[in-house]
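Source file: input39.tsv (TSV, C-alpha atoms and all ligand atoms)
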chain	number	residue	atom	x	y	z
A	779	MET	CA	17.39	-27.40	2.78
A	780	ALA	CA	13.64	-26.98	3.21
A	781	LEU	CA	12.41	-24.75	6.04
A	782	HIS	CA	9.74	-25.80	8.53
A	783	LEU	CA	7.55	-23.43	10.54
A	784	ARG	CA	4.84	-24.23	13.05
A	785	GLY	CA	2.45	-21.78	14.65
A	786	THR	CA	-0.96	-20.15	14.48
A	787	VAL	CA	-1.48	-19.29	10.84
A	788	LEU	CA	-3.43	-16.11	10.14
A	789	PRO	CA	-6.00	-15.30	8.96
A	790	GLU	CA	-7.19	-18.94	9.40
A	791	ARG	CA	-6.26	-18.93	13.12
A	792	ALA	CA	-5.33	-22.61	13.03
A	793	VAL	CA	-2.11	-24.09	14.43
A	794	ARG	CA	-0.38	-25.63	11.46
A	795	ASP	CA	2.93	-26.91	10.16
A	796	LEU	CA	4.12	-25.43	6.93
A	797	TRP	CA	7.20	-25.96	4.84
A	798	VAL	CA	9.08	-23.68	2.51
A	799	LEU	CA	10.45	-25.26	-0.65
A	800	GLY	CA	12.26	-22.71	-2.77
A	801	ASP	CA	9.87	-19.80	-3.14
A	802	ARG	CA	6.74	-21.82	-2.37
A	803	ILE	CA	4.70	-22.81	0.68
A	804	THR	CA	3.39	-26.32	1.22
A	805	PHE	CA	1.42	-27.91	4.04
A	806	ASP	CA	2.56	-31.40	3.01
A	807	ARG	CA	5.66	-32.62	4.81
A	808	PRO	CA	8.40	-32.93	2.20
A	809	SER	CA	10.46	-36.11	1.89
A	810	ARG	CA	13.72	-34.25	2.27
A	811	PRO	CA	14.90	-32.99	5.68
A	812	ALA	CA	13.72	-29.58	6.87
A	813	ASP	CA	15.23	-27.08	9.28
A	814	THR	CA	12.68	-25.88	11.88
A	815	VAL	CA	13.03	-22.09	11.96
A	816	ALA	CA	9.88	-21.21	13.93
A	817	ASP	CA	7.99	-23.22	16.53
A	818	GLY	CA	5.11	-21.37	18.15
A	819	GLY	CA	3.86	-17.83	17.72
A	820	PHE	CA	1.78	-16.33	14.95
A	821	LEU	CA	2.54	-16.81	11.26
A	822	LEU	CA	1.43	-14.08	8.85
A	823	PRO	CA	1.68	-13.80	5.10
A	824	GLY	CA	4.64	-11.39	4.69
A	825	LEU	CA	3.65	-7.77	5.36
A	826	VAL	CA	2.93	-5.25	2.60
A	827	ASP	CA	3.06	-1.46	2.29
A	828	VAL	CA	0.94	-0.52	-0.72
A	829	HIS	CA	1.86	3.17	-0.74
A	830	THR	CA	5.48	4.15	-0.26
A	831	HIS	CA	7.94	6.24	-2.27
A	832	PRO	CA	11.53	5.26	-1.55
A	833	GLY	CA	14.44	6.76	-3.47
A	834	SER	CA	14.91	10.27	-2.19
A	835	PRO	CA	18.04	10.87	-0.10
A	836	SER	CA	16.28	13.76	1.69
A	837	PRO	CA	12.61	13.64	2.70
A	838	ASP	CA	12.11	17.31	1.83
A	839	GLU	CA	13.59	17.30	-1.67
A	840	PRO	CA	12.03	15.22	-4.41
A	841	SER	CA	14.88	13.39	-6.14
A	842	PHE	CA	15.92	9.81	-6.80
A	843	SER	CA	19.07	7.88	-6.09
A	844	ALA	CA	19.38	4.14	-6.58
A	845	GLU	CA	21.41	3.98	-3.37
A	846	ALA	CA	18.74	5.69	-1.25
A	847	PHE	CA	16.12	3.51	-2.91
A	848	ALA	CA	17.97	0.30	-1.98
A	849	GLU	CA	18.54	1.48	1.60
A	850	GLN	CA	14.92	2.46	2.14
A	851	VAL	CA	13.62	-0.75	0.58
A	852	ALA	CA	15.96	-2.67	2.92
A	853	ALA	CA	14.46	-0.78	5.88
A	854	HIS	CA	11.02	-2.03	4.82
A	855	ARG	CA	12.34	-5.59	4.46
A	856	ASP	CA	14.01	-5.57	7.87
A	857	ALA	CA	10.63	-4.68	9.37
A	858	GLY	CA	9.08	-7.78	7.78
A	859	ILE	CA	7.58	-5.94	4.80
A	860	THR	CA	8.02	-8.37	1.96
A	861	ALA	CA	6.08	-6.62	-0.81
A	862	LEU	CA	5.86	-2.96	-1.76
A	863	ARG	CA	3.77	-0.98	-4.22
A	864	PHE	CA	5.12	2.37	-5.36
A	865	PRO	CA	2.32	4.68	-6.56
A	866	GLY	CA	4.78	7.17	-8.00
A	867	LEU	CA	8.56	7.00	-8.24
A	868	LEU	CA	10.96	9.57	-9.60
A	869	GLY	CA	13.29	6.93	-11.04
A	870	GLU	CA	13.21	3.38	-12.32
A	871	VAL	CA	13.49	0.42	-9.96
A	872	PRO	CA	17.10	-0.74	-10.41
A	873	ALA	CA	16.91	-3.98	-12.43
A	874	ALA	CA	19.38	-5.82	-10.19
A	875	LEU	CA	17.33	-5.04	-7.09
A	876	ARG	CA	14.08	-6.19	-8.64
A	877	GLU	CA	15.28	-9.78	-8.81
A	878	ALA	CA	17.66	-9.75	-5.82
A	879	PRO	CA	16.94	-12.72	-3.53
A	880	ASP	CA	16.81	-10.50	-0.44
A	881	ALA	CA	14.66	-7.73	-1.95
A	882	PRO	CA	10.94	-7.47	-1.23
A	883	ARG	CA	8.62	-7.97	-4.17
A	884	LEU	CA	8.51	-4.60	-5.89
A	885	ILE	CA	5.50	-3.30	-7.80
A	886	THR	CA	5.82	0.15	-9.25
A	887	ALA	CA	3.25	2.36	-10.95
A	888	GLY	CA	5.96	4.47	-12.56
A	889	ARG	CA	5.83	8.25	-12.39
A	890	TRP	CA	3.25	10.61	-10.90
A	891	LEU	CA	1.19	11.61	-13.95
A	892	ALA	CA	-0.34	15.08	-13.79
A	893	TRP	CA	-2.65	16.42	-16.48
A	894	ALA	CA	-1.42	19.80	-17.76
A	895	GLY	CA	-4.80	21.39	-16.91
A	896	LEU	CA	-4.21	20.48	-13.28
A	897	SER	CA	-0.58	21.13	-12.52
A	898	ARG	CA	2.42	22.71	-14.16
A	899	SER	CA	4.75	23.12	-11.26
A	900	ALA	CA	5.01	20.38	-8.63
A	901	PRO	CA	8.59	19.11	-8.67
A	902	PHE	CA	7.67	15.43	-8.69
A	903	HIS	CA	4.87	15.58	-11.29
A	904	THR	CA	5.30	14.38	-14.86
A	905	VAL	CA	3.07	16.89	-16.62
A	906	THR	CA	1.29	15.76	-19.78
A	907	ASP	CA	-1.35	17.04	-22.20
A	908	ASP	CA	-2.28	13.48	-23.14
A	909	LEU	CA	-3.05	11.77	-19.87
A	910	VAL	CA	-4.75	8.80	-21.59
A	911	ALA	CA	-1.79	7.85	-23.77
A	912	LEU	CA	0.80	8.33	-21.07
A	913	ALA	CA	-1.21	6.43	-18.44
A	914	VAL	CA	-1.54	3.44	-20.78
A	915	ALA	CA	2.18	3.57	-21.58
A	916	GLU	CA	3.12	3.74	-17.90
A	917	ALA	CA	0.87	0.82	-16.96
A	918	LYS	CA	2.41	-1.26	-19.75
A	919	ALA	CA	5.94	-0.32	-18.71
A	920	HIS	CA	5.46	-0.65	-14.93
A	921	ASP	CA	4.03	-3.82	-13.43
A	922	GLY	CA	0.54	-3.10	-14.74
A	923	TRP	CA	-0.02	0.04	-12.69
A	924	CYS	CA	-0.10	3.74	-13.44
A	925	LYS	CA	-0.43	6.58	-10.94
A	926	LEU	CA	-2.49	9.68	-11.66
A	927	MET	CA	-2.99	12.89	-9.84
A	928	GLY	CA	-6.80	13.10	-9.71
A	929	ASP	CA	-6.43	16.50	-8.11
A	930	TRP	CA	-3.67	18.52	-6.54
A	931	ASP	CA	-4.46	21.61	-4.50
A	932	PHE	CA	-7.49	20.58	-2.43
A	933	GLU	CA	-9.17	23.94	-3.04
A	934	ALA	CA	-8.65	23.89	-6.83
A	935	GLU	CA	-10.55	22.13	-9.63
A	936	PRO	CA	-9.65	18.43	-10.01
A	937	VAL	CA	-9.10	16.46	-13.23
A	938	PRO	CA	-12.51	16.42	-14.98
A	939	TYR	CA	-14.57	13.25	-14.66
A	940	ASP	CA	-14.72	12.62	-18.43
A	941	LEU	CA	-10.94	12.62	-18.67
A	942	LEU	CA	-10.49	10.36	-15.64
A	943	ARG	CA	-13.06	7.99	-17.09
A	944	ALA	CA	-11.29	7.93	-20.46
A	945	VAL	CA	-7.96	7.19	-18.74
A	946	THR	CA	-9.44	4.43	-16.59
A	947	ASP	CA	-11.22	2.77	-19.50
A	948	ALA	CA	-8.10	2.89	-21.69
A	949	VAL	CA	-5.81	1.51	-18.97
A	950	HIS	CA	-8.27	-1.26	-18.17
A	951	ALA	CA	-8.58	-2.12	-21.87
A	952	ALA	CA	-4.79	-2.49	-21.92
A	953	GLY	CA	-4.95	-4.84	-18.92
A	954	GLY	CA	-3.63	-2.28	-16.44
A	955	ARG	CA	-4.79	-0.70	-13.20
A	956	VAL	CA	-5.07	2.89	-12.04
A	957	ALA	CA	-4.04	4.34	-8.68
A	958	ALA	CA	-5.48	7.83	-8.23
A	959	HIS	CA	-4.24	10.44	-5.79
A	960	CYS	CA	-7.30	12.37	-4.56
A	961	GLN	CA	-7.51	14.83	-1.71
A	962	SER	CA	-10.48	17.03	-2.55
A	963	ALA	CA	-14.16	16.16	-2.35
A	964	GLN	CA	-14.75	16.62	-6.08
A	965	GLY	CA	-11.52	14.84	-6.99
A	966	VAL	CA	-12.46	11.77	-4.95
A	967	LEU	CA	-15.97	11.79	-6.40
A	968	ASN	CA	-14.66	11.94	-9.98
A	969	ALA	CA	-12.25	9.06	-9.33
A	970	ALA	CA	-14.91	6.95	-7.60
A	971	ARG	CA	-17.32	7.52	-10.53
A	972	ALA	CA	-14.57	6.72	-13.04
A	973	GLY	CA	-13.94	3.34	-11.39
A	974	VAL	CA	-10.21	3.64	-10.72
A	975	ASP	CA	-8.64	0.64	-8.99
A	976	SER	CA	-7.43	2.43	-5.88
A	977	ILE	CA	-8.12	5.80	-4.33
A	978	GLU	CA	-5.09	7.08	-2.48
A	979	HIS	CA	-5.77	9.45	0.47
A	980	GLY	CA	-9.43	10.32	-0.17
A	981	MET	CA	-9.41	13.46	1.97
A	982	GLY	CA	-12.91	14.99	2.09
A	983	MET	CA	-14.46	11.91	0.44
A	984	PRO	CA	-18.19	12.55	-0.17
A	985	GLU	CA	-20.49	9.93	1.29
A	986	GLN	CA	-21.76	8.64	-2.06
A	987	CYS	CA	-18.22	7.56	-2.98
A	988	VAL	CA	-18.52	4.58	-0.65
A	989	ASP	CA	-21.27	2.97	-2.76
A	990	LEU	CA	-19.48	3.89	-5.99
A	991	MET	CA	-16.21	2.35	-4.84
A	992	ALA	CA	-17.96	-0.79	-3.63
A	993	ALA	CA	-19.73	-1.14	-6.99
A	994	HIS	CA	-16.48	-0.71	-8.95
A	995	GLY	CA	-14.34	-2.85	-6.63
A	996	THR	CA	-12.11	0.15	-5.91
A	997	ALA	CA	-9.71	-0.24	-2.98
A	998	TYR	CA	-9.18	2.53	-0.43
A	999	VAL	CA	-5.66	3.45	0.70
A	1000	PRO	CA	-6.11	6.35	3.14
A	1001	THR	CA	-2.42	6.72	4.14
A	1002	LEU	CA	-3.49	7.95	7.59
A	1003	THR	CA	0.12	7.94	8.85
A	1004	ALA	CA	1.09	10.74	6.49
A	1005	PHE	CA	-1.97	12.84	7.35
A	1006	ALA	CA	-1.49	12.35	11.09
A	1007	ARG	CA	2.06	13.66	10.69
A	1008	SER	CA	0.89	16.73	8.77
A	1009	ALA	CA	-2.09	17.58	10.99
A	1010	PRO	CA	-0.21	19.41	13.79
A	1011	HIS	CA	1.48	21.66	11.20
A	1012	ILE	CA	-1.70	22.83	9.45
A	1013	LYS	CA	-2.42	26.49	10.15
A	1014	ASP	CA	-5.59	27.61	11.91
A	1015	ASN	CA	-7.08	29.67	9.07
A	1016	PRO	CA	-9.98	29.03	6.65
A	1017	ARG	CA	-7.80	26.86	4.39
A	1018	GLY	CA	-6.42	24.95	7.36
A	1019	ARG	CA	-9.90	24.39	8.76
A	1020	LEU	CA	-10.99	22.97	5.40
A	1021	TRP	CA	-7.98	20.64	5.53
A	1022	HIS	CA	-8.90	19.41	9.01
A	1023	GLU	CA	-12.52	18.91	7.97
A	1024	GLY	CA	-11.34	16.82	4.99
A	1025	HIS	CA	-9.10	14.83	7.34
A	1026	ARG	CA	-11.94	14.10	9.77
A	1027	ILE	CA	-14.15	12.98	6.89
A	1028	MET	CA	-11.53	10.60	5.47
A	1029	ILE	CA	-11.07	8.97	8.87
A	1030	ARG	CA	-14.85	8.44	9.13
A	1031	ARG	CA	-14.95	6.88	5.65
A	1032	VAL	CA	-12.39	4.18	6.58
A	1033	ARG	CA	-14.90	2.23	8.65
A	1034	GLU	CA	-17.80	3.04	6.32
A	1035	ALA	CA	-15.76	1.76	3.38
A	1036	HIS	CA	-14.98	-1.49	5.18
A	1037	ASP	CA	-18.62	-1.95	6.17
A	1038	ALA	CA	-19.60	-1.54	2.51
A	1039	GLY	CA	-17.23	-4.34	1.50
A	1040	ILE	CA	-14.41	-2.14	0.18
A	1041	SER	CA	-10.87	-3.38	0.65
A	1042	VAL	CA	-9.11	-0.84	2.88
A	1043	LEU	CA	-5.33	-1.23	2.61
A	1044	ALA	CA	-2.29	-0.04	4.53
A	1045	GLY	CA	0.04	2.49	2.93
A	1046	THR	CA	2.33	4.78	4.86
A	1047	ASP	CA	3.27	7.42	2.25
A	1048	SER	CA	5.94	8.78	4.56
A	1049	ALA	CA	9.22	8.21	6.33
A	1050	PRO	CA	10.41	6.36	8.30
A	1051	PHE	CA	10.44	3.41	5.93
A	1052	GLY	CA	9.40	0.08	7.42
A	1053	ASN	CA	6.61	1.69	9.42
A	1054	VAL	CA	3.48	-0.09	8.25
A	1055	ALA	CA	2.69	-1.08	11.86
A	1056	THR	CA	1.88	2.58	12.50
A	1057	GLU	CA	-0.62	2.61	9.64
A	1058	VAL	CA	-2.28	-0.52	11.08
A	1059	GLU	CA	-2.66	1.31	14.41
A	1060	HIS	CA	-4.17	4.34	12.66
A	1061	LEU	CA	-6.62	2.09	10.81
A	1062	ILE	CA	-7.71	0.54	14.11
A	1063	ALA	CA	-8.07	4.00	15.67
A	1064	ALA	CA	-10.25	4.94	12.68
A	1065	GLY	CA	-12.59	2.06	13.56
A	1066	LEU	CA	-11.42	-0.90	11.48
A	1067	PRO	CA	-11.69	-4.22	13.35
A	1068	ALA	CA	-8.15	-5.18	14.41
A	1069	ASP	CA	-8.03	-8.35	12.31
A	1070	VAL	CA	-9.08	-6.36	9.24
A	1071	ALA	CA	-6.43	-3.71	9.95
A	1072	VAL	CA	-3.73	-6.37	10.25
A	1073	GLY	CA	-4.98	-7.96	7.03
A	1074	ALA	CA	-4.76	-4.54	5.36
A	1075	ALA	CA	-0.99	-4.82	5.77
A	1076	SER	CA	-0.82	-8.55	5.04
A	1077	TRP	CA	-3.26	-10.99	3.43
A	1078	ALA	CA	-5.73	-8.44	2.01
A	1079	ALA	CA	-2.93	-6.36	0.53
A	1080	ARG	CA	-1.36	-9.46	-0.99
A	1081	ASP	CA	-4.70	-10.43	-2.55
A	1082	PHE	CA	-4.96	-6.95	-4.02
A	1083	LEU	CA	-1.49	-7.22	-5.56
A	1084	GLY	CA	-1.93	-10.80	-6.78
A	1085	LEU	CA	0.64	-12.27	-4.35
A	1086	PRO	CA	-0.65	-15.51	-2.80
A	1087	GLY	CA	-0.21	-15.78	0.98
A	1088	LEU	CA	0.00	-18.81	3.27
A	1089	THR	CA	-1.89	-21.21	1.02
A	1090	GLU	CA	-0.73	-24.40	-0.66
A	1091	GLY	CA	1.66	-23.29	-3.38
A	1092	GLY	CA	1.64	-19.67	-2.11
A	1093	LEU	CA	4.70	-17.45	-2.23
A	1094	ALA	CA	7.24	-18.07	0.53
A	1095	ASP	CA	6.96	-14.77	2.44
A	1096	VAL	CA	6.23	-15.32	6.13
A	1097	THR	CA	6.57	-13.12	9.20
A	1098	VAL	CA	6.42	-14.65	12.67
A	1099	TYR	CA	5.44	-12.86	15.89
A	1100	ASP	CA	5.51	-13.84	19.55
A	1101	ALA	CA	2.07	-12.31	20.19
A	1102	ASP	CA	-1.17	-12.17	18.21
A	1103	PRO	CA	-1.02	-8.92	16.20
A	1104	ARG	CA	-4.83	-8.76	16.18
A	1105	LEU	CA	-4.67	-8.29	19.96
A	1106	GLU	CA	-1.32	-6.45	20.10
A	1107	PRO	CA	-0.79	-4.64	16.79
A	1108	GLY	CA	2.43	-3.11	18.14
A	1109	VAL	CA	4.06	-6.53	17.92
A	1110	LEU	CA	4.17	-6.00	14.14
A	1111	ARG	CA	7.26	-3.85	14.84
A	1112	HIS	CA	9.07	-6.87	16.26
A	1113	PRO	CA	9.03	-9.83	13.89
A	1114	ARG	CA	10.78	-12.79	15.49
A	1115	ARG	CA	11.36	-14.39	12.12
A	1116	ILE	CA	11.18	-13.08	8.55
A	1117	VAL	CA	11.18	-15.39	5.54
A	1118	LEU	CA	11.31	-13.66	2.17
A	1119	ARG	CA	11.31	-15.46	-1.20
A	1120	GLY	CA	11.96	-18.68	0.74
A	1121	ARG	CA	15.08	-17.37	2.47
A	1122	ILE	CA	15.61	-16.30	6.06
A	1123	VAL	CA	16.08	-12.56	6.46
A	1124	ARG	CA	15.92	-12.81	10.24
A	1201	ZN	ZN	2.17	9.12	-2.03

Go ahead and express the file in the form of structure tokens.
Amino acid sequence: MALHLRGTVLPERAVRDLWVLGDRITFDRPSRPADTVADGGFLLPGLVDVHTHPGSPSPDEPSFSAEAFAEQVAAHRDAGITALRFPGLLGEVPAALREAPDAPRLITAGRWLAWAGLSRSAPFHTVTDDLVALAVAEAKAHDGWCKLMGDWDFEAEPVPYDLLRAVTDAVHAAGGRVAAHCQSAQGVLNAARAGVDSIEHGMGMPEQCVDLMAAHGTAYVPTLTAFARSAPHIKDNPRGRLWHEGHRIMIRRVREAHDAGISVLAGTDSAPFGNVATEVEHLIAAGLPADVAVGAASWAARDFLGLPGLTEGGLADVTVYDADPRLEPGVLRHPRRIVLRGRIVR
């Protein structure tokens, strides 16, 4: 049977009736009967977390188990998160889960690729001498995305600009996109100049990166949740003070990036899974207008991933809330109704 929902549709802010037919949305009343599953409240395009790494049974030990992956993905889904991007996974997305009717839409960038000149030791890095070839291969093998370490230790030299540029050009020529981890000023600058598709973290981002990212159409995924969790544990020494300075700068750049027209998106990068509401709150605290911060975990993130929202013919992922999340972002933790792939999850 078709599903019928009525409520204030965001981001349009209009009260509308919509119907779910299979995995599609329509605003035209279908001829067959429909079951009304929401009447009133606020209807959002299903939530998204664009930076999460499920799969490890223990948060402190990098490893991958298909069981832990499925459990953690289910935790996202039960919080109304209907699409996930994984910028780095230690294993492959289990094929059965990828097409399961109750699984969020899963977009992986494959492994964390680390150039051998940058890193030889981090347990979750895939170290390579030929970053260009491997990045292209990963993007082809993994939903069009690859994930690079643009830098690693924030006090050490990052991947050189020329290499990042060569990787980005080659991946783009192959039809792929590049997500770059950057948490040093020079690393962010190199990635912004190279025109990667998303900068993840951006700690210490120099001011000129904002114009570069806007010019290249690079998205910004600050993952403020993860940094807020780390901040109290950073030691008060010269290295720690540099860390805090980089953290303050990245928070300032969130609003500046938005003002420059950059798409700022919500990624949690940390446990607990299903916690994108917390990232929305951090984005608001960093100065993003509330409707933009909500969109960062919903319609803007879906645009970025090529997943149509609540438009005619859009994908049938809908979350329904009793209150307006632009006024009460905390309500994002309490979806009244979740529709995923045209089926009721809650
Ligand atoms: Zn991450």

**Asked** Which chains and residue numbers are within 10 Å of ligand ZN 1201 (chain A), counting all atoms listed in the file, if I want them as a list of chain:residue names?
**Response**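 Using all atoms listed in the file, everything at most 10 Å from ligand ZN 1201 (chain A) comes to A:Val828, A:His829, A:Thr830, A:His831, A:Phe864, A:Pro865, A:Gly866, A:Leu867, A:Trp890, A:Lys925, A:Ala958, A:His959, A:Glu978, A:His979, A:Thr1001, A:Ala1004, A:Gly1045, A:Thr1046, A:Asp1047, A:Ser1048.
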
**Request:** Name the closest residue to Ile1062 in chain A among the candidates A:Thr906, A:Asn1015, A:Asn968, A:Thr1003; distances are taken between atoms, counting all atoms listed in the file.
**Result:**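 Of all the options, A:Thr1003 lies closest to Ile1062 in chain A.
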
**Request:** Tell me, in Å to one decimal, how far CA of Pro984 in chain A is from CA of Leu912 in chain A.
**Result:**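 Distance between the two atoms: 28.6 Å.
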
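The shortest atom-to-atom distance to Val949 in chain A, with all atoms listed in the file taken into account, belongs to A:Leu909 out of A:Leu909, A:Phe932, A:Gly965, A:Leu1043.
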
**Prompt:** What is the distance, in Å and to one decimal place, between CA of Phe842 in chain A and CA of Ala874 in chain A?
**Reply:**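 We find that CA of Phe842 in chain A and CA of Ala874 in chain A lie 16.4 Å from each other.
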
**Point-to-point distance from CA of Asp1069 in chain A to CA of Leu796 in chain A, Å rounded to tenths** = 21.6 Å

**Message:** Taking (-8.0, -7.8, 16.0) in the coordinates of the supplied file, I want to know which residues reach to within 10 Å of it, counting all atoms listed in the file; could you give the answer as JSON, numbers by chain?
**Reply:** {"A": [1062, 1066, 1067, 1068, 1069, 1070, 1071, 1072, 1073, 1102, 1103, 1104, 1105, 1106, 1107]}

If I put a ball of radius 12 Å at (6.4, 16.9, -12.3) in the file's coordinates, which residues poke into it when counting all atoms listed in the file, written as a compact mmCIF listing (two decimals) with C-alpha atoms, in the frame of the given file?
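To be explicit, this is the file written out as out_21.txt:
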# COMPACT_ATOMS: atom_id res chain seq x y z
CA PRO A 840 12.03 15.22 -4.41
CA SER A 841 14.88 13.39 -6.14
CA GLY A 866 4.78 7.17 -8.00
CA LEU A 867 8.56 7.00 -8.24
CA LEU A 868 10.96 9.57 -9.60
CA ARG A 889 5.83 8.25 -12.39
CA TRP A 890 3.25 10.61 -10.90
CA LEU A 891 1.19 11.61 -13.95
CA ALA A 892 -0.34 15.08 -13.79
CA TRP A 893 -2.65 16.42 -16.48
CA ALA A 894 -1.42 19.80 -17.76
CA LEU A 896 -4.21 20.48 -13.28
CA SER A 897 -0.58 21.13 -12.52
CA ARG A 898 2.42 22.71 -14.16
CA SER A 899 4.75 23.12 -11.26
CA ALA A 900 5.01 20.38 -8.63
CA PRO A 901 8.59 19.11 -8.67
CA PHE A 902 7.67 15.43 -8.69
CA HIS A 903 4.87 15.58 -11.29
CA THR A 904 5.30 14.38 -14.86
CA VAL A 905 3.07 16.89 -16.62
CA THR A 906 1.29 15.76 -19.78
CA LEU A 926 -2.49 9.68 -11.66
CA MET A 927 -2.99 12.89 -9.84
CA TRP A 930 -3.67 18.52 -6.54

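Residues within 12 Å of Phe1005 in chain A, counting only C-alpha atoms and excluding same-chain residues fewer than 5 positions away, are Gln961, Glu978, His979, Gly980, Met981, Pro1000, Pro1010, His1011, Ile1012, Trp1021, His1022, Gly1024, His1025, Arg1026, Met1028, Ile1029, Gly1045, Thr1046, Asp1047, Ser1048, Glu1057 and His1060 of chain A.
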
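Comparing the minimum interatomic distances between Leu781 in chain A and each of A:Val826, A:Ile1122, A:Leu1085, A:Val1054, counting all atoms listed in the file, we find that A:Ile1122 sits nearest.
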
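Distance annotation: of A:Ala1038, A:Ala1044, A:Leu1118, A:Ala1094, the residue with the minimal separation from Trp797 in chain A is A:Ala1094; atom set is only C-alpha atoms.
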
Since the input is missing atoms for range 993-1007 of chain A, could you rebuild it with N, CA, C and O atoms and give the result as a CSV table (one decimal), keeping the file's coordinate frame?
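Result file follows (part.csv):
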chain,number,residue,atom,x,y,z
A,993,ALA,N,-19.2,-0.6,-5.7
A,993,ALA,CA,-19.7,-1.1,-7.0
A,993,ALA,C,-18.6,-1.4,-8.0
A,993,ALA,O,-18.7,-2.4,-8.8
A,994,HIS,N,-17.6,-0.6,-8.0
A,994,HIS,CA,-16.5,-0.7,-9.0
A,994,HIS,C,-15.4,-1.7,-8.4
A,994,HIS,O,-14.4,-1.9,-9.2
A,995,GLY,N,-15.4,-2.0,-7.2
A,995,GLY,CA,-14.3,-2.8,-6.6
A,995,GLY,C,-13.1,-2.0,-6.4
A,995,GLY,O,-12.0,-2.6,-6.4
A,996,THR,N,-13.3,-0.7,-6.2
A,996,THR,CA,-12.1,0.2,-5.9
A,996,THR,C,-11.6,0.0,-4.5
A,996,THR,O,-12.4,-0.1,-3.5
A,997,ALA,N,-10.3,-0.1,-4.3
A,997,ALA,CA,-9.7,-0.2,-3.0
A,997,ALA,C,-9.5,1.2,-2.4
A,997,ALA,O,-9.4,2.1,-3.2
A,998,TYR,N,-9.4,1.2,-1.1
A,998,TYR,CA,-9.2,2.5,-0.4
A,998,TYR,C,-7.9,2.5,0.4
A,998,TYR,O,-7.7,1.6,1.2
A,999,VAL,N,-7.0,3.4,0.0
A,999,VAL,CA,-5.7,3.4,0.7
A,999,VAL,C,-5.5,4.8,1.3
A,999,VAL,O,-5.1,5.8,0.7
A,1000,PRO,N,-6.0,5.0,2.6
A,1000,PRO,CA,-6.1,6.4,3.1
A,1000,PRO,C,-4.8,7.0,3.5
A,1000,PRO,O,-4.7,8.2,3.7
A,1001,THR,N,-3.7,6.2,3.7
A,1001,THR,CA,-2.4,6.7,4.1
A,1001,THR,C,-2.6,7.6,5.4
A,1001,THR,O,-2.1,8.8,5.4
A,1002,LEU,N,-3.2,7.1,6.4
A,1002,LEU,CA,-3.5,8.0,7.6
A,1002,LEU,C,-2.2,8.4,8.3
A,1002,LEU,O,-2.2,9.4,8.9
A,1003,THR,N,-1.1,7.6,8.2
A,1003,THR,CA,0.1,7.9,8.8
A,1003,THR,C,0.6,9.3,8.4
A,1003,THR,O,1.0,10.1,9.2
A,1004,ALA,N,0.6,9.5,7.1
A,1004,ALA,CA,1.1,10.7,6.5
A,1004,ALA,C,0.2,11.9,6.9
A,1004,ALA,O,0.8,13.0,7.3
A,1005,PHE,N,-1.1,11.7,7.0
A,1005,PHE,CA,-2.0,12.8,7.4
A,1005,PHE,C,-1.8,13.2,8.8
A,1005,PHE,O,-1.9,14.3,9.2
A,1006,ALA,N,-1.7,12.1,9.7
A,1006,ALA,CA,-1.5,12.4,11.1
A,1006,ALA,C,-0.2,13.1,11.4
A,1006,ALA,O,-0.1,14.0,12.3
A,1007,ARG,N,0.8,12.9,10.5
A,1007,ARG,CA,2.1,13.7,10.7
A,1007,ARG,C,1.9,15.1,10.3
A,1007,ARG,O,2.5,16.0,10.9
